[in-house]
Amino acid sequence: MKQRLPLIITAIFALWILGALMPRRDRDYAFSAVGRLPVVFNGRLQPFDSLARNSLTRIREKETANLEPTKAWYERPKIISATEWLMTLMTRPEAADGWKVFRVDHPELKALLKLPEPNPAAGEDGKHYSWNQFGETGLKQIEESARNIQENKKDSSLRNAFDNATLGLYEAMTLYLRLKNTVHPQDTVRFAAEIADYQKAIPAGVKAFQQRMTGSGDFDTNALTEVFGHAERYFVTLRGEPPLLIPPANGGDSFAWQRMGEALLEPSFGAPFLKHLMRVPKAELSPEAAAEGIRLVGTRPLSPAVGHWAAMADAFRESQVAGFNTAVAGYQTYLESLRLGKALNKTDREQLYNSFAPFSKTAALYIVAFLFSCGFWFNFAEWSRKTSLRLVQLAFVVHTLGLIARMWLEGRPPVTNLYSSAIFIGWGAVGLGLILESFWKNAIGLAVATVIGFSTQVVAHNLALGGDTMVMLQAVLDTNFWLATHVVIVTLGYAATYVAGFLAILYVVHGFFTKVMTGDMGKSLSRMVYGILCFATLFSFVGTVLGGIWADQSWGRFWGWDPKENGAL
């Protein structure tokens with residue numbers, strides 16, 4: 001029976017992982033379909049699901065929202081998905097403002113904002129607060145404090161924990177406001193009816209506007225006032241730079257996507273006039289800028305996507321499940337009619353990647369595998385070591401698939417930022433640990449793989465709290481072949497260095513603080529450290545040389561003696 005235990009335990013975990021790939025049915029609202037809708041934010045095309053997860057993680061440090069904290073351990077909390085939270089924030093902000101999604105840990109920051117003391121009887125944890133609990137006074141205090149920190153402590157090394165907590169909360173609140181005004185101004189009640197009134201007002205308002213700007217006779221003041229009243233409201237969905245929801249009529253270019261305010265105002269007032277109006281007040285509008293925009297006003301109809309988003313917003317606001325699902329399906333049909341096949345495929349794949357969450361699953365596998373490897377050291381049962389080995393191998397496969405999926409989604413090498421560096425270093429360390437275990441079957445390689453694999457996942461998770469991990473790269477970083485090879489190879493060198501260091505720490509700990517160090521184990525650890533250091537030296541050297549080639553192609557010199565190059569040397 002013990003001989004079969006490793007396969008049985010591994011099969012159970014494999015089924016758990018495969019279960020995450022099974023499509024989940026929506027209970028009522030079609031949130032899975034909403035999660036696949038494409039949007040553009042921070043310069044990249046992404047599914048609504050990624051926008052929601054990244055935003056909620058930035059604000060709450062989790063990808064889900066807990067609406068009703070439990071009062072006792074046996075109670076089940078009411079947890080909603082990031083997609084449901086973001087849809088509520090965009091269409092029913094008065095409801096979302098009462099949800100405790102802002103995480104505030106620092107006691108001085110709580111005192112500054114005069115946040116209420118937690119009530120344990122009500123299930124409050126003293127860490128999460130709602131937008132309503134901050135109020136207008138709190139927002140102004142945070143904004144003023146953040147501005148003072150940014151002006152007086154430009155060097156981040158001078159900032160203390162309170163400064164970082166203040167800046168973090170300010171960025172979270174700013175993001176919250178941007179998202180709140182994405183679909184329509186936050187005080188909108190019936191968006192579709194408002195758009196219909198706006199469209200009725202456009203002909204007379206545009207005519208009055210042209211007459212006023214050209215001085216060609218009297219103009220209808222009421223018509224001009226009405227159309228500009230709508231325009232002033234829709235400027236809210238422009239100035240905060242919220243996500244871009246409206247796709248281009250001719251398909252896929254992410255640079256041609258528009259914010260809701262642009263889609264509403266540009267067909268009526270013309271792009272040149274609109275862009276100038278965003279820069280200066282109307283009273284300072286120059287005649288040249290006016291003439292440039294007048295000839296384009298009222299020349300195009302609104303994008304059909306505006307009507308689809310309005311239908312979704314109104315149905316969700318009024319809790320019409322069938323109407324909301326119908327509106328989502330109608331918008332999907334409209335997107336398919338455009339040349340957006342590549343964009344829709346990308347959002348489908350990225351949503352699947354998000355729901356699968358490969359790296360969080362590998363972290364759990366590494367913990368369990370480490371416990372089995374410790375069990376081998378305590379009683380030297382071979383089945384325990386084999387179970388750990390099989391679990392590490394399973395985790396390595398999932399880890400590899402996660403890296404390949406990110407490369408596929410981004411169309412880039414595996415290492416593009418700090419987050420991906422941590423993931424890749426952990427992957428390299430786990431691979432080296434498995435190689436060690438194939439030579440020395442004493443669970444030391446498994447301990448190396450599980451500890452470094454898990455610790456790098458923890459580092460990556462904390463780096464992900466800063467927002468999107470698939471951000472756009474600078475041009476010099478996105479197109480250079482030598483940079484891609486340099487970063488990958490030198491990062492493998494870093495991973496090997498970490499493995500060698502961890503093995504050396506094991507040698508010291510076992511030698512000085514335990515009695516398990518034998519002559520054979522000492523020789524094994526010495527050979528392991530030596531072999532891994534040879535690998536680390538080779539890859540670090542080759543990576544540094546490739547870095548010089550990249551520097552020559554990008555900057556015109558092989559070596560500049562900057563701190564990074566000196567550290568590599």
# chains A, B, ... in the order shown; residues from 1 in each chain; ligands from 1
>>> residues_around(residues="Phe359 of chain A", least_positions_apart="2", cutoff="8 Å", atoms="only C-alpha atoms", output="PyMOL selection string")
chain A and resi 357+361-363+398-399+402+457
>>> residues_around(residues="segment 24-38 of chain A", least_positions_apart="3", cutoff="10 Å", atoms="only C-alpha atoms", output="PDB file with N, CA, C and O atoms, in the first residue's frame")
ATOM      1  N   GLY A  19      -9.347  20.448 -12.036  1.00  0.00           N
ATOM      2  CA  GLY A  19     -10.683  20.977 -11.758  1.00  0.00           C
ATOM      3  C   GLY A  19     -10.785  22.473 -11.970  1.00  0.00           C
ATOM      4  O   GLY A  19     -11.864  23.000 -12.283  1.00  0.00           O
ATOM      5  N   ALA A  20      -9.660  23.176 -11.822  1.00  0.00           N
ATOM      6  CA  ALA A  20      -9.668  24.630 -12.024  1.00  0.00           C
ATOM      7  C   ALA A  20      -9.852  24.999 -13.486  1.00  0.00           C
ATOM      8  O   ALA A  20     -10.210  26.143 -13.794  1.00  0.00           O
ATOM      9  N   LEU A  21      -9.591  24.065 -14.388  1.00  0.00           N
ATOM     10  CA  LEU A  21      -9.752  24.342 -15.816  1.00  0.00           C
ATOM     11  C   LEU A  21     -11.175  24.098 -16.296  1.00  0.00           C
ATOM     12  O   LEU A  21     -11.508  24.450 -17.440  1.00  0.00           O
ATOM     13  N   PHE A  41      -6.335  49.283 -20.735  1.00  0.00           N
ATOM     14  CA  PHE A  41      -5.950  50.047 -19.541  1.00  0.00           C
ATOM     15  C   PHE A  41      -4.448  49.950 -19.361  1.00  0.00           C
ATOM     16  O   PHE A  41      -3.854  48.896 -19.610  1.00  0.00           O
ATOM     17  N   LEU A  45      -4.223  45.843 -24.028  1.00  0.00           N
ATOM     18  CA  LEU A  45      -5.530  45.202 -24.175  1.00  0.00           C
ATOM     19  C   LEU A  45      -5.614  44.043 -23.195  1.00  0.00           C
ATOM     20  O   LEU A  45      -4.705  43.216 -23.119  1.00  0.00           O
ATOM     21  N   GLN A  46      -6.709  43.989 -22.454  1.00  0.00           N
ATOM     22  CA  GLN A  46      -6.863  42.948 -21.440  1.00  0.00           C
ATOM     23  C   GLN A  46      -8.347  42.659 -21.239  1.00  0.00           C
ATOM     24  O   GLN A  46      -9.205  43.484 -21.574  1.00  0.00           O
ATOM     25  N   PRO A  47      -8.687  41.490 -20.690  1.00  0.00           N
ATOM     26  CA  PRO A  47     -10.095  41.219 -20.403  1.00  0.00           C
ATOM     27  C   PRO A  47     -10.576  42.014 -19.200  1.00  0.00           C
ATOM     28  O   PRO A  47      -9.779  42.419 -18.340  1.00  0.00           O
ATOM     29  N   PHE A  48     -11.869  42.242 -19.133  1.00  0.00           N
ATOM     30  CA  PHE A  48     -12.485  42.922 -17.994  1.00  0.00           C
ATOM     31  C   PHE A  48     -12.116  42.212 -16.700  1.00  0.00           C
ATOM     32  O   PHE A  48     -11.935  42.846 -15.656  1.00  0.00           O
ATOM     33  N   ASP A  49     -11.963  40.896 -16.764  1.00  0.00           N
ATOM     34  CA  ASP A  49     -11.602  40.091 -15.598  1.00  0.00           C
ATOM     35  C   ASP A  49     -10.240  40.512 -15.046  1.00  0.00           C
ATOM     36  O   ASP A  49     -10.064  40.644 -13.824  1.00  0.00           O
ATOM     37  N   SER A  50      -9.252  40.734 -15.928  1.00  0.00           N
ATOM     38  CA  SER A  50      -7.923  41.150 -15.466  1.00  0.00           C
ATOM     39  C   SER A  50      -7.964  42.546 -14.863  1.00  0.00           C
ATOM     40  O   SER A  50      -7.329  42.810 -13.835  1.00  0.00           O
ATOM     41  N   LEU A  51      -8.699  43.461 -15.501  1.00  0.00           N
ATOM     42  CA  LEU A  51      -8.843  44.809 -14.954  1.00  0.00           C
ATOM     43  C   LEU A  51      -9.432  44.746 -13.554  1.00  0.00           C
ATOM     44  O   LEU A  51      -8.952  45.430 -12.629  1.00  0.00           O
ATOM     45  N   ALA A  52     -10.461  43.917 -13.368  1.00  0.00           N
ATOM     46  CA  ALA A  52     -11.107  43.810 -12.065  1.00  0.00           C
ATOM     47  C   ALA A  52     -10.177  43.192 -11.021  1.00  0.00           C
ATOM     48  O   ALA A  52     -10.050  43.704  -9.899  1.00  0.00           O
ATOM     49  N   ARG A  53      -9.519  42.093 -11.378  1.00  0.00           N
ATOM     50  CA  ARG A  53      -8.632  41.419 -10.414  1.00  0.00           C
ATOM     51  C   ARG A  53      -7.460  42.317 -10.017  1.00  0.00           C
ATOM     52  O   ARG A  53      -7.119  42.432  -8.825  1.00  0.00           O
ATOM     53  N   SER A  81     -16.866  37.939  -6.623  1.00  0.00           N
ATOM     54  CA  SER A  81     -15.715  37.984  -7.521  1.00  0.00           C
ATOM     55  C   SER A  81     -15.318  39.420  -7.807  1.00  0.00           C
ATOM     56  O   SER A  81     -16.084  40.367  -7.590  1.00  0.00           O
ATOM     57  N   ALA A  82     -14.107  39.573  -8.322  1.00  0.00           N
ATOM     58  CA  ALA A  82     -13.629  40.905  -8.690  1.00  0.00           C
ATOM     59  C   ALA A  82     -14.476  41.499  -9.815  1.00  0.00           C
ATOM     60  O   ALA A  82     -14.725  42.709  -9.841  1.00  0.00           O
ATOM     61  N   THR A  83     -14.941  40.662 -10.747  1.00  0.00           N
ATOM     62  CA  THR A  83     -15.764  41.154 -11.852  1.00  0.00           C
ATOM     63  C   THR A  83     -17.083  41.733 -11.345  1.00  0.00           C
ATOM     64  O   THR A  83     -17.519  42.808 -11.781  1.00  0.00           O
ATOM     65  N   GLU A  84     -17.721  41.042 -10.402  1.00  0.00           N
ATOM     66  CA  GLU A  84     -18.974  41.558  -9.834  1.00  0.00           C
ATOM     67  C   GLU A  84     -18.723  42.860  -9.075  1.00  0.00           C
ATOM     68  O   GLU A  84     -19.515  43.805  -9.149  1.00  0.00           O
ATOM     69  N   MET A  87     -18.139  45.676 -11.710  1.00  0.00           N
ATOM     70  CA  MET A  87     -19.380  46.026 -12.403  1.00  0.00           C
ATOM     71  C   MET A  87     -20.283  46.840 -11.488  1.00  0.00           C
ATOM     72  O   MET A  87     -20.951  47.787 -11.931  1.00  0.00           O
ATOM     73  N   LEU A 244     -10.335  52.315 -21.250  1.00  0.00           N
ATOM     74  CA  LEU A 244     -10.922  52.541 -22.565  1.00  0.00           C
ATOM     75  C   LEU A 244     -11.854  51.382 -22.885  1.00  0.00           C
ATOM     76  O   LEU A 244     -11.415  50.232 -22.983  1.00  0.00           O
ATOM     77  N   LEU A 245     -13.145  51.682 -23.053  1.00  0.00           N
ATOM     78  CA  LEU A 245     -14.149  50.647 -23.261  1.00  0.00           C
ATOM     79  C   LEU A 245     -14.574  50.498 -24.711  1.00  0.00           C
ATOM     80  O   LEU A 245     -15.041  49.427 -25.110  1.00  0.00           O
ATOM     81  N   ILE A 246     -14.467  51.543 -25.502  1.00  0.00           N
ATOM     82  CA  ILE A 246     -15.092  51.579 -26.827  1.00  0.00           C
ATOM     83  C   ILE A 246     -14.095  51.149 -27.891  1.00  0.00           C
ATOM     84  O   ILE A 246     -13.071  51.810 -28.096  1.00  0.00           O
ATOM     85  N   PRO A 247     -14.371  50.043 -28.597  1.00  0.00           N
ATOM     86  CA  PRO A 247     -13.426  49.561 -29.620  1.00  0.00           C
ATOM     87  C   PRO A 247     -13.519  50.389 -30.897  1.00  0.00           C
ATOM     88  O   PRO A 247     -14.548  51.030 -31.162  1.00  0.00           O
ATOM     89  N   MET A 312     -26.192  47.443 -20.700  1.00  0.00           N
ATOM     90  CA  MET A 312     -25.660  46.608 -19.616  1.00  0.00           C
ATOM     91  C   MET A 312     -25.713  47.347 -18.287  1.00  0.00           C
ATOM     92  O   MET A 312     -26.107  46.775 -17.257  1.00  0.00           O
ATOM     93  N   PHE A 316     -28.061  46.143 -15.094  1.00  0.00           N
ATOM     94  CA  PHE A 316     -27.410  45.729 -13.855  1.00  0.00           C
ATOM     95  C   PHE A 316     -27.825  46.623 -12.697  1.00  0.00           C
ATOM     96  O   PHE A 316     -28.043  46.145 -11.576  1.00  0.00           O
ATOM     97  N   SER A 319     -31.125  45.572 -11.444  1.00  0.00           N
ATOM     98  CA  SER A 319     -31.171  44.153 -11.039  1.00  0.00           C
ATOM     99  C   SER A 319     -32.012  43.308 -11.986  1.00  0.00           C
ATOM    100  O   SER A 319     -32.715  42.383 -11.565  1.00  0.00           O
ATOM    101  N   GLN A 320     -31.951  43.602 -13.266  1.00  0.00           N
ATOM    102  CA  GLN A 320     -32.655  42.824 -14.287  1.00  0.00           C
ATOM    103  C   GLN A 320     -31.683  41.784 -14.849  1.00  0.00           C
ATOM    104  O   GLN A 320     -30.907  42.067 -15.763  1.00  0.00           O
ATOM    105  N   VAL A 321     -31.710  40.585 -14.291  1.00  0.00           N
ATOM    106  CA  VAL A 321     -30.741  39.550 -14.652  1.00  0.00           C
ATOM    107  C   VAL A 321     -30.858  39.180 -16.123  1.00  0.00           C
ATOM    108  O   VAL A 321     -29.862  39.150 -16.865  1.00  0.00           O
ATOM    109  N   ALA A 322     -32.087  38.889 -16.577  1.00  0.00           N
ATOM    110  CA  ALA A 322     -32.274  38.485 -17.975  1.00  0.00           C
ATOM    111  C   ALA A 322     -31.889  39.611 -18.928  1.00  0.00           C
ATOM    112  O   ALA A 322     -31.233  39.377 -19.960  1.00  0.00           O
ATOM    113  N   GLY A 323     -32.281  40.838 -18.586  1.00  0.00           N
ATOM    114  CA  GLY A 323     -31.929  41.971 -19.441  1.00  0.00           C
ATOM    115  C   GLY A 323     -30.436  42.200 -19.499  1.00  0.00           C
ATOM    116  O   GLY A 323     -29.880  42.516 -20.566  1.00  0.00           O
ATOM    117  N   PHE A 324     -29.758  42.011 -18.377  1.00  0.00           N
ATOM    118  CA  PHE A 324     -28.304  42.186 -18.341  1.00  0.00           C
ATOM    119  C   PHE A 324     -27.616  41.132 -19.194  1.00  0.00           C
ATOM    120  O   PHE A 324     -26.736  41.443 -20.006  1.00  0.00           O
ATOM    121  N   ASN A 325     -28.021  39.886 -19.039  1.00  0.00           N
ATOM    122  CA  ASN A 325     -27.397  38.806 -19.817  1.00  0.00           C
ATOM    123  C   ASN A 325     -27.650  38.979 -21.311  1.00  0.00           C
ATOM    124  O   ASN A 325     -26.765  38.700 -22.135  1.00  0.00           O
ATOM    125  N   THR A 326     -28.840  39.449 -21.660  1.00  0.00           N
ATOM    126  CA  THR A 326     -29.142  39.699 -23.071  1.00  0.00           C
ATOM    127  C   THR A 326     -28.269  40.823 -23.617  1.00  0.00           C
ATOM    128  O   THR A 326     -27.764  40.746 -24.748  1.00  0.00           O
ATOM    129  N   VAL A 328     -25.292  41.719 -22.519  1.00  0.00           N
ATOM    130  CA  VAL A 328     -23.912  41.222 -22.643  1.00  0.00           C
ATOM    131  C   VAL A 328     -23.762  40.382 -23.909  1.00  0.00           C
ATOM    132  O   VAL A 328     -22.787  40.532 -24.666  1.00  0.00           O
ATOM    133  N   ALA A 329     -24.726  39.511 -24.165  1.00  0.00           N
ATOM    134  CA  ALA A 329     -24.673  38.681 -25.370  1.00  0.00           C
ATOM    135  C   ALA A 329     -24.739  39.536 -26.631  1.00  0.00           C
ATOM    136  O   ALA A 329     -24.037  39.266 -27.620  1.00  0.00           O
ATOM    137  N   TYR A 331     -23.661  42.615 -26.925  1.00  0.00           N
ATOM    138  CA  TYR A 331     -22.376  43.300 -27.097  1.00  0.00           C
ATOM    139  C   TYR A 331     -21.318  42.338 -27.630  1.00  0.00           C
ATOM    140  O   TYR A 331     -20.488  42.710 -28.468  1.00  0.00           O
ATOM    141  N   GLN A 332     -21.347  41.091 -27.172  1.00  0.00           N
ATOM    142  CA  GLN A 332     -20.410  40.104 -27.695  1.00  0.00           C
ATOM    143  C   GLN A 332     -20.621  39.878 -29.195  1.00  0.00           C
ATOM    144  O   GLN A 332     -19.658  39.771 -29.958  1.00  0.00           O
ATOM    145  N   LEU A 335     -19.106  42.794 -31.018  1.00  0.00           N
ATOM    146  CA  LEU A 335     -17.645  42.708 -31.063  1.00  0.00           C
ATOM    147  C   LEU A 335     -17.185  41.704 -32.113  1.00  0.00           C
ATOM    148  O   LEU A 335     -16.194  41.928 -32.809  1.00  0.00           O
ATOM    149  N   LEU A 340     -12.156  41.999 -34.559  1.00  0.00           N
ATOM    150  CA  LEU A 340     -11.541  41.912 -33.233  1.00  0.00           C
ATOM    151  C   LEU A 340     -11.265  40.466 -32.844  1.00  0.00           C
ATOM    152  O   LEU A 340     -11.193  40.153 -31.659  1.00  0.00           O
ATOM    153  N   ALA A 343      -8.177  40.078 -30.614  1.00  0.00           N
ATOM    154  CA  ALA A 343      -8.382  40.637 -29.282  1.00  0.00           C
ATOM    155  C   ALA A 343      -9.290  39.741 -28.446  1.00  0.00           C
ATOM    156  O   ALA A 343      -9.028  39.507 -27.255  1.00  0.00           O
ATOM    157  N   LEU A 344     -10.359  39.229 -29.047  1.00  0.00           N
ATOM    158  CA  LEU A 344     -11.274  38.375 -28.308  1.00  0.00           C
ATOM    159  C   LEU A 344     -10.617  37.056 -27.914  1.00  0.00           C
ATOM    160  O   LEU A 344     -10.853  36.542 -26.812  1.00  0.00           O
ATOM    161  N   ASN A 345      -9.800  36.498 -28.779  1.00  0.00           N
ATOM    162  CA  ASN A 345      -9.074  35.276 -28.427  1.00  0.00           C
ATOM    163  C   ASN A 345      -8.120  35.522 -27.269  1.00  0.00           C
ATOM    164  O   ASN A 345      -7.977  34.679 -26.372  1.00  0.00           O
ATOM    165  N   LYS A 346      -7.460  36.668 -27.276  1.00  0.00           N
ATOM    166  CA  LYS A 346      -6.513  36.988 -26.205  1.00  0.00           C
ATOM    167  C   LYS A 346      -7.241  37.128 -24.872  1.00  0.00           C
ATOM    168  O   LYS A 346      -6.771  36.628 -23.842  1.00  0.00           O
ATOM    169  N   THR A 347      -8.371  37.815 -24.872  1.00  0.00           N
ATOM    170  CA  THR A 347      -9.091  37.996 -23.611  1.00  0.00           C
ATOM    171  C   THR A 347      -9.640  36.665 -23.098  1.00  0.00           C
ATOM    172  O   THR A 347      -9.649  36.435 -21.878  1.00  0.00           O
ATOM    173  N   ASP A 348     -10.070  35.784 -23.994  1.00  0.00           N
ATOM    174  CA  ASP A 348     -10.526  34.454 -23.560  1.00  0.00           C
ATOM    175  C   ASP A 348      -9.387  33.682 -22.891  1.00  0.00           C
ATOM    176  O   ASP A 348      -9.566  33.078 -21.830  1.00  0.00           O
ATOM    177  N   ARG A 349      -8.216  33.720 -23.525  1.00  0.00           N
ATOM    178  CA  ARG A 349      -7.069  32.986 -22.968  1.00  0.00           C
ATOM    179  C   ARG A 349      -6.628  33.582 -21.635  1.00  0.00           C
ATOM    180  O   ARG A 349      -6.301  32.842 -20.692  1.00  0.00           O
ATOM    181  N   GLU A 350      -6.618  34.895 -21.550  1.00  0.00           N
ATOM    182  CA  GLU A 350      -6.148  35.517 -20.311  1.00  0.00           C
ATOM    183  C   GLU A 350      -7.121  35.288 -19.169  1.00  0.00           C
ATOM    184  O   GLU A 350      -6.710  35.113 -18.016  1.00  0.00           O
ATOM    185  N   GLN A 351      -8.417  35.281 -19.459  1.00  0.00           N
ATOM    186  CA  GLN A 351      -9.382  34.988 -18.403  1.00  0.00           C
ATOM    187  C   GLN A 351      -9.215  33.556 -17.898  1.00  0.00           C
ATOM    188  O   GLN A 351      -9.296  33.296 -16.690  1.00  0.00           O
ATOM    189  N   LEU A 352      -8.968  32.614 -18.814  1.00  0.00           N
ATOM    190  CA  LEU A 352      -8.722  31.226 -18.413  1.00  0.00           C
ATOM    191  C   LEU A 352      -7.471  31.136 -17.549  1.00  0.00           C
ATOM    192  O   LEU A 352      -7.451  30.429 -16.533  1.00  0.00           O
ATOM    193  N   SER A 355      -8.314  32.455 -14.034  1.00  0.00           N
ATOM    194  CA  SER A 355      -9.106  31.530 -13.222  1.00  0.00           C
ATOM    195  C   SER A 355      -8.304  30.291 -12.826  1.00  0.00           C
ATOM    196  O   SER A 355      -8.523  29.724 -11.751  1.00  0.00           O
TER     197      SER A 355
END
>>> atom_distance(atom1="atom CA of Thr237 of chain A", atom2="atom CA of Glu262 of chain A")
8.3 Å
>>> residues_around(residues="Ala231 of chain A", least_positions_apart="6", cutoff="9 Å", atoms="only C-alpha atoms", output="JSON, numbers by chain")
{"A": [198, 261, 264, 265]}
>>> select_by_dssp(residues="segment 370-548 of chain A", states="alpha helix (DSSP H)", output="ChimeraX atom specification")
/A:370-379,382-410,418-439,444-464,475-478,481-513,519-548
>>> residues_around(residues="Leu179 of chain A", least_positions_apart="6", cutoff="10 Å", atoms="only C-alpha atoms", output="list of chain:residue names")
A:Leu51, A:Ala52, A:Ser55, A:Leu86, A:Met87, A:Leu89, A:Met90, A:Pro93, A:Met173, A:Gln186, A:Thr237, A:Gly240, A:Glu241, A:Pro242, A:Pro243
>>> closest_residue(among="A:Ala146, A:Val236, A:Val189, A:Val227", to="Leu177 of chain A", atoms="only C-alpha atoms")
A:Val236
>>> closest_residue(among="A:Glu94, A:Thr514, A:Tyr176, A:Asn250", to="Gly341 of chain A", atoms="only C-alpha atoms")
A:Asn250
>>> closest_residue(among="A:Tyr419, A:Phe558, A:Phe535, A:Tyr170", to="Tyr498 of chain A", atoms="only C-alpha atoms")
A:Phe535
>>> atom_distance(atom1="atom CA of Ile367 of chain A", atom2="atom CA of Val490 of chain A")
27.5 Å
